[in-house]
Amino acid sequence: MITFQNVSKLYKGEIKALRHCTANIEKGEFVFLVGPSGSGKSTMLRLINREETADDGTLYVAGKDIARLSSWRVPYLRRNIGCIFQDYKLLPNKSVYENVAFALEVIGRPRHVVHAQVPAILELVGLEPKSENLPDELSGGEQQRVSIARAFVNRPLILLADEPTGNLDPATSVGIMRLLDRINRTGTTVVMATHDRSIVDTMQRRVIELDQGEIVRDQVRGVYQ
Amino acid sequence: MALQLDYVVRETSTNLRRNVTLSFAAVVTIAVSLCLFGTAMLTRAAVGNLSTRWTEDVKVIVFVKRDISEAQKSSLQEQLEENASVAKVKYMGDKETMKEFEHLFQSNPAMLEEGRKNKDLVPNSFRVTPNTNDPDAIIALQRLFSTNKPGVLKSVSALEGVKRLQHFSSVIQTAVLIVGLGLLAAALMLILNAIRMAMFARRREIEVMKLVGATNWFIRVPFMLEGVVQGLVGAAFAVVGVYGLDKLIYRLGSDNLSVFSGMVATRGEVTMVMLVVVLLGITIGAAGSGWALSRFLKV
């Protein structure tokens, strides 16, 4: 599903964000990216989503060499990739329902599809009763659930999560992880960058550890360490 | 991909509403600049028509001196007849000249008396009908047969006034065009900034749209449309301005005793000016927003 072959990424031509990274992530895997701040976790996610392009090496996503993808095709790549973030990135002036529906509207889904899928996904994340609320009226955990709903409503092949529990307390984080686990069980590949030791240790999933842009560990059932 | 119409309309109108002061400034600037353009074009057309009217029966008149010799007279006649721009030459001798003089001044006995006493006031002349309507050629002809030819007292052409009016109007047109161009550039900047502000106000939406895979065109179209709508509304006001100006010119030009007689723009010319104004408005709107998009919206 995602294959890094000797991928390097430079910033301003000298600072090496990633150095010769090689890793292969299969369909349906759940992978943690761990490592200190600035080790290159976010860069890896941004490369997968083609917000950035690699300076060296090859990166395949869903069977395509994404460096060769022409820019007009990038949106179609992104429709196969859901993204969630530490700061949720919800639109404050839209309700929960509208936030999720927005993701379908802007990729041109017909109205009846929107009407059918949004309530279903809100039920999945457990927020159907709050669908008319604005994001400000929700707790942090609820807001993250909305952002997961938005990322997943289009049933992407891949879900990228950049420190999704970074702003949440441990109990709420567990709830979010259960949800991500559930999504993973539907066959969606999940790649999650995190600092949260207890989550990584409890989940017992594959761990890729980065340090100063290099992959220093790749364990099938790893812990945070 | 289907760009849903209701989505585009909703987004564009929201943008315009949110930015109402800047949109207003852009629209007014476009309206004024396009109005100036329309004025310049319309005046040009009208003045062009004015000189065409005059040229229809224009004549160059070469007055000759009282003491002109027969040889000089026939030489002049010959030269005129051989000139490439001349269709017909008619010599007005003592008799014809006096007859015309008496006819022209029949209501002015003092002038008549004066003319009969002093023949120098009523010179004989060649009446020249040119074979061309080109004002420059006619003026050249008139200049050729001026006092530098022996026996010539003075030569005049009905075109001189027209020429002066044309020159005056071309100076005005140039001035108006320069001001119009400056304002058009200002309008372009205003649209650029209006779109930039709209994009800034909606940067979160744009970020999410990119994230979930909205196509570039889907993101761009509402902003493009915002600029085009501003250009169109400005152009609409300018069209009203051009219409009013045309009515004003028509009032001046249809007065038979006025020097502006015949200075009207045809219906086709007015339509053409309006069309150009509208197209220019759309172009400016699209250019301004396109510029903003290429500078500030990296997709």
# chains A, B, ... in the order shown; residues from 1 in each chain; ligands from 1
call {"tool": "select_by_dssp", "arguments": {"residues": "segment 34-203 of chain A", "states": "helix (DSSP H, G or I)", "output": "count of residues only"}}
result
85
call {"tool": "select_by_dssp", "arguments": {"residues": "segment 2-161 of chain B", "states": "strand (DSSP E or B)", "output": "PDB file with N, CA, C and O atoms, in the first residue's frame"}}
result
ATOM      1  N   VAL B  60     -12.006  73.003 -51.940  1.00  0.00           N
ATOM      2  CA  VAL B  60     -10.881  73.884 -51.660  1.00  0.00           C
ATOM      3  C   VAL B  60     -11.083  75.119 -52.528  1.00  0.00           C
ATOM      4  O   VAL B  60     -11.424  75.015 -53.700  1.00  0.00           O
ATOM      5  N   ILE B  61     -10.939  76.263 -51.926  1.00  0.00           N
ATOM      6  CA  ILE B  61     -11.097  77.500 -52.697  1.00  0.00           C
ATOM      7  C   ILE B  61      -9.754  78.213 -52.776  1.00  0.00           C
ATOM      8  O   ILE B  61      -9.120  78.470 -51.756  1.00  0.00           O
ATOM      9  N   VAL B  62      -9.335  78.458 -54.003  1.00  0.00           N
ATOM     10  CA  VAL B  62      -8.081  79.190 -54.201  1.00  0.00           C
ATOM     11  C   VAL B  62      -8.438  80.579 -54.729  1.00  0.00           C
ATOM     12  O   VAL B  62      -8.869  80.735 -55.870  1.00  0.00           O
ATOM     13  N   PHE B  63      -8.313  81.584 -53.841  1.00  0.00           N
ATOM     14  CA  PHE B  63      -8.584  82.966 -54.265  1.00  0.00           C
ATOM     15  C   PHE B  63      -7.374  83.525 -54.995  1.00  0.00           C
ATOM     16  O   PHE B  63      -6.239  83.248 -54.608  1.00  0.00           O
ATOM     17  N   VAL B  64      -7.654  84.261 -56.082  1.00  0.00           N
ATOM     18  CA  VAL B  64      -6.518  84.815 -56.827  1.00  0.00           C
ATOM     19  C   VAL B  64      -6.468  86.337 -56.659  1.00  0.00           C
ATOM     20  O   VAL B  64      -7.465  86.979 -56.323  1.00  0.00           O
ATOM     21  N   VAL B  86      -7.452  66.138 -57.657  1.00  0.00           N
ATOM     22  CA  VAL B  86      -8.521  67.038 -58.081  1.00  0.00           C
ATOM     23  C   VAL B  86      -9.456  66.352 -59.075  1.00  0.00           C
ATOM     24  O   VAL B  86      -9.017  65.709 -60.026  1.00  0.00           O
ATOM     25  N   ALA B  87     -10.756  66.498 -58.798  1.00  0.00           N
ATOM     26  CA  ALA B  87     -11.744  65.929 -59.711  1.00  0.00           C
ATOM     27  C   ALA B  87     -12.226  66.997 -60.695  1.00  0.00           C
ATOM     28  O   ALA B  87     -12.372  66.746 -61.885  1.00  0.00           O
ATOM     29  N   LYS B  88     -12.473  68.195 -60.159  1.00  0.00           N
ATOM     30  CA  LYS B  88     -13.084  69.227 -60.997  1.00  0.00           C
ATOM     31  C   LYS B  88     -12.574  70.591 -60.558  1.00  0.00           C
ATOM     32  O   LYS B  88     -12.381  70.831 -59.365  1.00  0.00           O
ATOM     33  N   VAL B  89     -12.345  71.461 -61.536  1.00  0.00           N
ATOM     34  CA  VAL B  89     -11.937  72.826 -61.214  1.00  0.00           C
ATOM     35  C   VAL B  89     -12.877  73.778 -61.927  1.00  0.00           C
ATOM     36  O   VAL B  89     -13.180  73.615 -63.105  1.00  0.00           O
ATOM     37  N   LYS B  90     -13.339  74.759 -61.157  1.00  0.00           N
ATOM     38  CA  LYS B  90     -14.218  75.742 -61.802  1.00  0.00           C
ATOM     39  C   LYS B  90     -13.686  77.128 -61.470  1.00  0.00           C
ATOM     40  O   LYS B  90     -13.388  77.416 -60.299  1.00  0.00           O
ATOM     41  N   TYR B  91     -13.519  77.948 -62.504  1.00  0.00           N
ATOM     42  CA  TYR B  91     -13.039  79.305 -62.261  1.00  0.00           C
ATOM     43  C   TYR B  91     -14.227  80.236 -62.111  1.00  0.00           C
ATOM     44  O   TYR B  91     -15.147  80.218 -62.909  1.00  0.00           O
ATOM     45  N   MET B  92     -14.227  80.997 -61.044  1.00  0.00           N
ATOM     46  CA  MET B  92     -15.270  81.996 -60.838  1.00  0.00           C
ATOM     47  C   MET B  92     -14.696  83.354 -61.230  1.00  0.00           C
ATOM     48  O   MET B  92     -13.894  83.932 -60.489  1.00  0.00           O
ATOM     49  N   SER B 125     -11.888  83.399 -57.914  1.00  0.00           N
ATOM     50  CA  SER B 125     -11.327  82.187 -57.290  1.00  0.00           C
ATOM     51  C   SER B 125     -11.513  80.951 -58.156  1.00  0.00           C
ATOM     52  O   SER B 125     -12.342  80.917 -59.053  1.00  0.00           O
ATOM     53  N   PHE B 126     -10.672  79.946 -57.865  1.00  0.00           N
ATOM     54  CA  PHE B 126     -10.883  78.597 -58.399  1.00  0.00           C
ATOM     55  C   PHE B 126     -11.642  77.790 -57.355  1.00  0.00           C
ATOM     56  O   PHE B 126     -11.238  77.740 -56.199  1.00  0.00           O
ATOM     57  N   ARG B 127     -12.733  77.129 -57.757  1.00  0.00           N
ATOM     58  CA  ARG B 127     -13.439  76.225 -56.853  1.00  0.00           C
ATOM     59  C   ARG B 127     -13.022  74.805 -57.197  1.00  0.00           C
ATOM     60  O   ARG B 127     -13.245  74.345 -58.312  1.00  0.00           O
ATOM     61  N   VAL B 128     -12.412  74.155 -56.251  1.00  0.00           N
ATOM     62  CA  VAL B 128     -11.833  72.851 -56.537  1.00  0.00           C
ATOM     63  C   VAL B 128     -12.628  71.750 -55.825  1.00  0.00           C
ATOM     64  O   VAL B 128     -12.861  71.812 -54.611  1.00  0.00           O
ATOM     65  N   THR B 129     -13.062  70.775 -56.593  1.00  0.00           N
ATOM     66  CA  THR B 129     -13.695  69.603 -55.999  1.00  0.00           C
ATOM     67  C   THR B 129     -12.687  68.465 -56.018  1.00  0.00           C
ATOM     68  O   THR B 129     -12.291  68.008 -57.079  1.00  0.00           O
ATOM     69  N   PRO B 130     -12.257  68.047 -54.859  1.00  0.00           N
ATOM     70  CA  PRO B 130     -11.262  66.959 -54.841  1.00  0.00           C
ATOM     71  C   PRO B 130     -11.937  65.623 -55.166  1.00  0.00           C
ATOM     72  O   PRO B 130     -13.143  65.463 -54.988  1.00  0.00           O
ATOM     73  N   VAL B 152      -1.665  83.755 -56.366  1.00  0.00           N
ATOM     74  CA  VAL B 152      -2.638  83.265 -55.381  1.00  0.00           C
ATOM     75  C   VAL B 152      -2.723  84.242 -54.227  1.00  0.00           C
ATOM     76  O   VAL B 152      -1.709  84.664 -53.662  1.00  0.00           O
ATOM     77  N   LEU B 153      -3.972  84.606 -53.847  1.00  0.00           N
ATOM     78  CA  LEU B 153      -4.183  85.523 -52.726  1.00  0.00           C
ATOM     79  C   LEU B 153      -4.263  84.741 -51.423  1.00  0.00           C
ATOM     80  O   LEU B 153      -3.629  85.073 -50.429  1.00  0.00           O
ATOM     81  N   LYS B 154      -5.021  83.649 -51.459  1.00  0.00           N
ATOM     82  CA  LYS B 154      -5.252  82.865 -50.254  1.00  0.00           C
ATOM     83  C   LYS B 154      -5.980  81.593 -50.663  1.00  0.00           C
ATOM     84  O   LYS B 154      -6.704  81.592 -51.652  1.00  0.00           O
ATOM     85  N   SER B 155      -5.710  80.529 -49.942  1.00  0.00           N
ATOM     86  CA  SER B 155      -6.505  79.332 -50.231  1.00  0.00           C
ATOM     87  C   SER B 155      -7.091  78.824 -48.916  1.00  0.00           C
ATOM     88  O   SER B 155      -6.451  78.898 -47.867  1.00  0.00           O
ATOM     89  N   VAL B 156      -8.320  78.344 -48.980  1.00  0.00           N
ATOM     90  CA  VAL B 156      -8.968  77.836 -47.761  1.00  0.00           C
ATOM     91  C   VAL B 156      -9.590  76.479 -48.065  1.00  0.00           C
ATOM     92  O   VAL B 156      -9.884  76.151 -49.216  1.00  0.00           O
ATOM     93  N   SER B 157      -9.764  75.729 -47.000  1.00  0.00           N
ATOM     94  CA  SER B 157     -10.500  74.482 -47.173  1.00  0.00           C
ATOM     95  C   SER B 157     -11.455  74.341 -46.000  1.00  0.00           C
ATOM     96  O   SER B 157     -11.131  74.701 -44.868  1.00  0.00           O
TER      97      SER B 157
END
call {"tool": "closest_atom_pairs", "arguments": {"of": "chain B", "to": "chain A", "cutoff": "6 Å", "atoms": "only C-alpha atoms", "output": "Markdown table"}}
result
| residue | atom | partner | partner_atom | distance |
| --- | --- | --- | --- | --- |
| B:Val212 | CA | A:Arg79 | CA | 5.8 |
| B:Gly213 | CA | A:Pro75 | CA | 4.0 |
| B:Ala214 | CA | A:Ile107 | CA | 4.8 |
| B:Thr215 | CA | A:Pro75 | CA | 5.5 |
call {"tool": "residues_around", "arguments": {"residues": "segment 8-24 of chain A", "least_positions_apart": "4", "cutoff": "8 Å", "atoms": "only C-alpha atoms", "output": "ChimeraX atom specification"}}
result
/A:1-4,38-40,43-44,53-57,212-215
call {"tool": "write_last_selection", "arguments": {"atoms": "C-alpha atoms", "output": "PDB file, in the first residue's frame"}}
result
ATOM      1  CA  MET A   1       0.000   0.000   0.000  1.00  0.00           C
ATOM      2  CA  ILE A   2       2.798   2.430   0.943  1.00  0.00           C
ATOM      3  CA  THR A   3       6.404   1.769  -0.048  1.00  0.00           C
ATOM      4  CA  PHE A   4       9.342   4.021   0.802  1.00  0.00           C
ATOM      5  CA  GLY A  38      11.847  16.836  14.461  1.00  0.00           C
ATOM      6  CA  SER A  39      12.744  13.225  13.746  1.00  0.00           C
ATOM      7  CA  GLY A  40      10.754  13.214  10.510  1.00  0.00           C
ATOM      8  CA  THR A  43       7.462  14.676   7.001  1.00  0.00           C
ATOM      9  CA  MET A  44       6.735  11.029   6.245  1.00  0.00           C
ATOM     10  CA  THR A  53       7.690  15.594  -2.636  1.00  0.00           C
ATOM     11  CA  ALA A  54      10.778  13.528  -1.921  1.00  0.00           C
ATOM     12  CA  ASP A  55      14.152  14.878  -3.038  1.00  0.00           C
ATOM     13  CA  ASP A  56      15.591  11.426  -3.526  1.00  0.00           C
ATOM     14  CA  GLY A  57      14.308   7.858  -3.703  1.00  0.00           C
ATOM     15  CA  GLN A 212      17.082  12.569  13.001  1.00  0.00           C
ATOM     16  CA  GLY A 213      15.405  11.484   9.799  1.00  0.00           C
ATOM     17  CA  GLU A 214      16.581   7.905   9.870  1.00  0.00           C
ATOM     18  CA  ILE A 215      14.562   4.762  10.486  1.00  0.00           C
TER      19      ILE A 215
END
call {"tool": "residues_around", "arguments": {"residues": "segment 7-17 of chain B", "least_positions_apart": "5", "cutoff": "10 Å", "atoms": "only C-alpha atoms", "output": "list in words"}}
result
Glu105, Val106 and Gly108 of chain A; Leu22, Ser23, Phe24, Ala194, Ile195, Met197, Ala198, Met199, Ala201, Arg202, Phe218, Ile219, Arg220, Val221, Pro222, Phe223, Met224, Leu225, Glu226, Gly227, Val229 and Gln230 of chain B
call {"tool": "residues_around", "arguments": {"residues": "segment 274-288 of chain B", "least_positions_apart": "3", "cutoff": "6 Å", "atoms": "only C-alpha atoms", "output": "ChimeraX atom specification"}}
result
/B:34,188,191-192,227-228,231-232,235,239,271,291
call {"tool": "closest_residue", "arguments": {"among": "A:Asp218, A:Glu29, A:Glu132, A:Glu52", "to": "Met192 of chain A", "atoms": "only C-alpha atoms"}}
result
A:Glu29
call {"tool": "decode", "arguments": {"residues": "segment 19-172 of chain A", "atoms": "C-alpha atoms", "output": "PDB file, in the first residue's frame"}}
result
ATOM      1  CA  ARG A  19      17.621  10.162   5.209  1.00  0.00           C
ATOM      2  CA  HIS A  20      17.401   7.131   2.967  1.00  0.00           C
ATOM      3  CA  CYS A  21      14.239   5.737   4.495  1.00  0.00           C
ATOM      4  CA  THR A  22      13.065   2.345   3.306  1.00  0.00           C
ATOM      5  CA  ALA A  23       9.863   0.753   4.586  1.00  0.00           C
ATOM      6  CA  ASN A  24       6.923  -1.146   3.226  1.00  0.00           C
ATOM      7  CA  ILE A  25       3.443  -0.829   4.709  1.00  0.00           C
ATOM      8  CA  GLU A  26       0.923  -3.442   3.589  1.00  0.00           C
ATOM      9  CA  LYS A  27      -2.784  -2.970   3.051  1.00  0.00           C
ATOM     10  CA  GLY A  28      -4.710  -3.135   6.320  1.00  0.00           C
ATOM     11  CA  GLU A  29      -1.678  -2.602   8.551  1.00  0.00           C
ATOM     12  CA  PHE A  30      -1.681  -0.368  11.620  1.00  0.00           C
ATOM     13  CA  VAL A  31       1.648   1.403  11.964  1.00  0.00           C
ATOM     14  CA  PHE A  32       2.931   3.773  14.636  1.00  0.00           C
ATOM     15  CA  LEU A  33       5.596   6.300  13.734  1.00  0.00           C
ATOM     16  CA  VAL A  34       7.481   7.226  16.883  1.00  0.00           C
ATOM     17  CA  GLY A  35      10.500   9.347  17.664  1.00  0.00           C
ATOM     18  CA  PRO A  36      11.392  12.727  19.163  1.00  0.00           C
ATOM     19  CA  SER A  37      10.142  16.017  17.734  1.00  0.00           C
ATOM     20  CA  GLY A  38      11.847  16.836  14.461  1.00  0.00           C
ATOM     21  CA  SER A  39      12.744  13.225  13.746  1.00  0.00           C
ATOM     22  CA  GLY A  40      10.754  13.214  10.510  1.00  0.00           C
ATOM     23  CA  LYS A  41       7.411  11.615  11.451  1.00  0.00           C
ATOM     24  CA  SER A  42       5.279  14.424  10.087  1.00  0.00           C
ATOM     25  CA  THR A  43       7.462  14.676   7.001  1.00  0.00           C
ATOM     26  CA  MET A  44       6.735  11.029   6.245  1.00  0.00           C
ATOM     27  CA  LEU A  45       3.009  11.646   6.490  1.00  0.00           C
ATOM     28  CA  ARG A  46       3.237  14.771   4.343  1.00  0.00           C
ATOM     29  CA  LEU A  47       5.116  12.830   1.690  1.00  0.00           C
ATOM     30  CA  ILE A  48       2.442  10.122   1.587  1.00  0.00           C
ATOM     31  CA  ASN A  49      -0.239  12.785   1.136  1.00  0.00           C
ATOM     32  CA  ARG A  50       1.946  14.558  -1.439  1.00  0.00           C
ATOM     33  CA  GLU A  51       1.886  17.810   0.439  1.00  0.00           C
ATOM     34  CA  GLU A  52       5.636  17.503  -0.109  1.00  0.00           C
ATOM     35  CA  THR A  53       7.690  15.594  -2.636  1.00  0.00           C
ATOM     36  CA  ALA A  54      10.778  13.528  -1.921  1.00  0.00           C
ATOM     37  CA  ASP A  55      14.152  14.878  -3.038  1.00  0.00           C
ATOM     38  CA  ASP A  56      15.591  11.426  -3.526  1.00  0.00           C
ATOM     39  CA  GLY A  57      14.308   7.858  -3.703  1.00  0.00           C
ATOM     40  CA  THR A  58      10.896   6.573  -4.730  1.00  0.00           C
ATOM     41  CA  LEU A  59       7.604   6.517  -2.866  1.00  0.00           C
ATOM     42  CA  TYR A  60       4.693   4.339  -3.982  1.00  0.00           C
ATOM     43  CA  VAL A  61       1.226   4.996  -2.597  1.00  0.00           C
ATOM     44  CA  ALA A  62      -1.638   2.743  -3.657  1.00  0.00           C
ATOM     45  CA  GLY A  63       0.543   1.332  -6.426  1.00  0.00           C
ATOM     46  CA  LYS A  64       1.557   4.700  -7.901  1.00  0.00           C
ATOM     47  CA  ASP A  65       4.924   6.410  -7.942  1.00  0.00           C
ATOM     48  CA  ILE A  66       3.597   9.651  -6.544  1.00  0.00           C
ATOM     49  CA  ALA A  67       6.552  11.770  -7.628  1.00  0.00           C
ATOM     50  CA  ARG A  68       5.432  11.130 -11.192  1.00  0.00           C
ATOM     51  CA  LEU A  69       1.843  12.018 -10.472  1.00  0.00           C
ATOM     52  CA  SER A  70       0.823  15.128 -12.426  1.00  0.00           C
ATOM     53  CA  SER A  71      -0.504  17.871 -10.186  1.00  0.00           C
ATOM     54  CA  TRP A  72      -4.063  17.643 -11.467  1.00  0.00           C
ATOM     55  CA  ARG A  73      -4.195  14.016 -10.322  1.00  0.00           C
ATOM     56  CA  VAL A  74      -3.096  14.804  -6.773  1.00  0.00           C
ATOM     57  CA  PRO A  75      -6.664  15.538  -5.576  1.00  0.00           C
ATOM     58  CA  TYR A  76      -7.700  12.080  -6.747  1.00  0.00           C
ATOM     59  CA  LEU A  77      -4.832  10.551  -4.773  1.00  0.00           C
ATOM     60  CA  ARG A  78      -5.972  12.451  -1.688  1.00  0.00           C
ATOM     61  CA  ARG A  79      -9.488  11.084  -2.016  1.00  0.00           C
ATOM     62  CA  ASN A  80      -7.946   7.740  -1.099  1.00  0.00           C
ATOM     63  CA  ILE A  81      -6.223   9.180   1.958  1.00  0.00           C
ATOM     64  CA  GLY A  82      -7.959  10.473   5.076  1.00  0.00           C
ATOM     65  CA  CYS A  83      -6.079  12.811   7.415  1.00  0.00           C
ATOM     66  CA  ILE A  84      -6.533  13.690  11.055  1.00  0.00           C
ATOM     67  CA  PHE A  85      -4.474  16.127  13.112  1.00  0.00           C
ATOM     68  CA  GLN A  86      -3.708  17.151  16.640  1.00  0.00           C
ATOM     69  CA  ASP A  87      -5.660  20.403  16.130  1.00  0.00           C
ATOM     70  CA  TYR A  88      -8.616  18.715  14.355  1.00  0.00           C
ATOM     71  CA  LYS A  89      -8.808  21.375  11.574  1.00  0.00           C
ATOM     72  CA  LEU A  90     -12.591  21.650  11.803  1.00  0.00           C
ATOM     73  CA  LEU A  91     -14.420  24.617  10.273  1.00  0.00           C
ATOM     74  CA  PRO A  92     -15.701  26.654  13.238  1.00  0.00           C
ATOM     75  CA  ASN A  93     -18.712  28.167  11.484  1.00  0.00           C
ATOM     76  CA  LYS A  94     -20.095  24.853  10.274  1.00  0.00           C
ATOM     77  CA  SER A  95     -22.010  22.332  12.346  1.00  0.00           C
ATOM     78  CA  VAL A  96     -20.757  18.803  12.965  1.00  0.00           C
ATOM     79  CA  TYR A  97     -22.975  17.543  10.162  1.00  0.00           C
ATOM     80  CA  GLU A  98     -21.847  20.293   7.777  1.00  0.00           C
ATOM     81  CA  ASN A  99     -18.185  19.710   8.570  1.00  0.00           C
ATOM     82  CA  VAL A 100     -18.464  16.082   7.549  1.00  0.00           C
ATOM     83  CA  ALA A 101     -20.775  16.784   4.600  1.00  0.00           C
ATOM     84  CA  PHE A 102     -18.310  19.427   3.353  1.00  0.00           C
ATOM     85  CA  ALA A 103     -15.720  16.728   2.667  1.00  0.00           C
ATOM     86  CA  LEU A 104     -18.157  14.949   0.352  1.00  0.00           C
ATOM     87  CA  GLU A 105     -19.602  18.091  -1.255  1.00  0.00           C
ATOM     88  CA  VAL A 106     -16.270  19.477  -2.344  1.00  0.00           C
ATOM     89  CA  ILE A 107     -15.335  16.289  -4.173  1.00  0.00           C
ATOM     90  CA  GLY A 108     -18.604  16.530  -6.057  1.00  0.00           C
ATOM     91  CA  ARG A 109     -20.619  13.774  -4.406  1.00  0.00           C
ATOM     92  CA  PRO A 110     -24.337  14.059  -5.191  1.00  0.00           C
ATOM     93  CA  ARG A 111     -26.649  15.272  -2.459  1.00  0.00           C
ATOM     94  CA  HIS A 112     -28.392  11.965  -1.886  1.00  0.00           C
ATOM     95  CA  VAL A 113     -25.019  10.311  -1.230  1.00  0.00           C
ATOM     96  CA  VAL A 114     -24.188  13.027   1.297  1.00  0.00           C
ATOM     97  CA  HIS A 115     -27.560  12.590   2.994  1.00  0.00           C
ATOM     98  CA  ALA A 116     -27.042   8.858   3.254  1.00  0.00           C
ATOM     99  CA  GLN A 117     -23.409   8.699   4.321  1.00  0.00           C
ATOM    100  CA  VAL A 118     -23.007  11.531   6.799  1.00  0.00           C
ATOM    101  CA  PRO A 119     -25.515  10.268   9.416  1.00  0.00           C
ATOM    102  CA  ALA A 120     -24.086   6.749   9.082  1.00  0.00           C
ATOM    103  CA  ILE A 121     -20.526   7.878   9.763  1.00  0.00           C
ATOM    104  CA  LEU A 122     -21.657  10.139  12.636  1.00  0.00           C
ATOM    105  CA  GLU A 123     -23.330   7.126  14.168  1.00  0.00           C
ATOM    106  CA  LEU A 124     -20.104   5.148  13.794  1.00  0.00           C
ATOM    107  CA  VAL A 125     -18.132   7.771  15.726  1.00  0.00           C
ATOM    108  CA  GLY A 126     -20.979   8.145  18.233  1.00  0.00           C
ATOM    109  CA  LEU A 127     -21.828  11.770  17.521  1.00  0.00           C
ATOM    110  CA  GLU A 128     -25.188  11.568  15.804  1.00  0.00           C
ATOM    111  CA  PRO A 129     -27.011  13.331  18.666  1.00  0.00           C
ATOM    112  CA  LYS A 130     -24.650  16.315  18.345  1.00  0.00           C
ATOM    113  CA  SER A 131     -24.772  16.661  14.588  1.00  0.00           C
ATOM    114  CA  GLU A 132     -26.266  20.163  14.755  1.00  0.00           C
ATOM    115  CA  ASN A 133     -23.705  21.483  17.266  1.00  0.00           C
ATOM    116  CA  LEU A 134     -20.814  23.714  16.316  1.00  0.00           C
ATOM    117  CA  PRO A 135     -17.279  22.429  16.984  1.00  0.00           C
ATOM    118  CA  ASP A 136     -16.796  24.992  19.791  1.00  0.00           C
ATOM    119  CA  GLU A 137     -19.627  23.367  21.704  1.00  0.00           C
ATOM    120  CA  LEU A 138     -17.881  19.982  21.762  1.00  0.00           C
ATOM    121  CA  SER A 139     -15.130  18.546  23.956  1.00  0.00           C
ATOM    122  CA  GLY A 140     -11.681  17.868  22.489  1.00  0.00           C
ATOM    123  CA  GLY A 141     -12.365  14.161  22.158  1.00  0.00           C
ATOM    124  CA  GLU A 142     -15.665  14.832  20.396  1.00  0.00           C
ATOM    125  CA  GLN A 143     -14.000  17.248  18.019  1.00  0.00           C
ATOM    126  CA  GLN A 144     -11.409  14.629  17.156  1.00  0.00           C
ATOM    127  CA  ARG A 145     -14.230  12.177  16.464  1.00  0.00           C
ATOM    128  CA  VAL A 146     -15.747  14.669  14.042  1.00  0.00           C
ATOM    129  CA  SER A 147     -12.432  14.987  12.266  1.00  0.00           C
ATOM    130  CA  ILE A 148     -12.156  11.188  12.094  1.00  0.00           C
ATOM    131  CA  ALA A 149     -15.675  11.060  10.662  1.00  0.00           C
ATOM    132  CA  ARG A 150     -14.677  13.623   8.062  1.00  0.00           C
ATOM    133  CA  ALA A 151     -11.508  11.731   7.170  1.00  0.00           C
ATOM    134  CA  PHE A 152     -13.303   8.404   6.916  1.00  0.00           C
ATOM    135  CA  VAL A 153     -16.647   9.358   5.371  1.00  0.00           C
ATOM    136  CA  ASN A 154     -15.241   8.836   1.894  1.00  0.00           C
ATOM    137  CA  ARG A 155     -13.976   5.335   2.867  1.00  0.00           C
ATOM    138  CA  PRO A 156     -10.321   5.991   2.053  1.00  0.00           C
ATOM    139  CA  LEU A 157      -7.747   3.230   1.657  1.00  0.00           C
ATOM    140  CA  ILE A 158      -5.332   4.963   3.987  1.00  0.00           C
ATOM    141  CA  LEU A 159      -5.823   6.997   7.155  1.00  0.00           C
ATOM    142  CA  LEU A 160      -2.958   9.268   8.225  1.00  0.00           C
ATOM    143  CA  ALA A 161      -3.035  10.504  11.818  1.00  0.00           C
ATOM    144  CA  ASP A 162      -0.582  13.143  13.022  1.00  0.00           C
ATOM    145  CA  GLU A 163      -0.579  12.992  16.839  1.00  0.00           C
ATOM    146  CA  PRO A 164      -4.354  12.640  17.039  1.00  0.00           C
ATOM    147  CA  THR A 165      -4.303  12.248  20.837  1.00  0.00           C
ATOM    148  CA  GLY A 166      -1.787  15.042  21.412  1.00  0.00           C
ATOM    149  CA  ASN A 167      -4.367  17.363  22.975  1.00  0.00           C
ATOM    150  CA  LEU A 168      -6.442  14.742  24.762  1.00  0.00           C
ATOM    151  CA  ASP A 169      -6.424  13.213  28.226  1.00  0.00           C
ATOM    152  CA  PRO A 170      -5.558   9.492  28.538  1.00  0.00           C
ATOM    153  CA  ALA A 171      -9.134   8.264  28.964  1.00  0.00           C
ATOM    154  CA  THR A 172     -10.356  10.177  25.922  1.00  0.00           C
TER     155      THR A 172
END
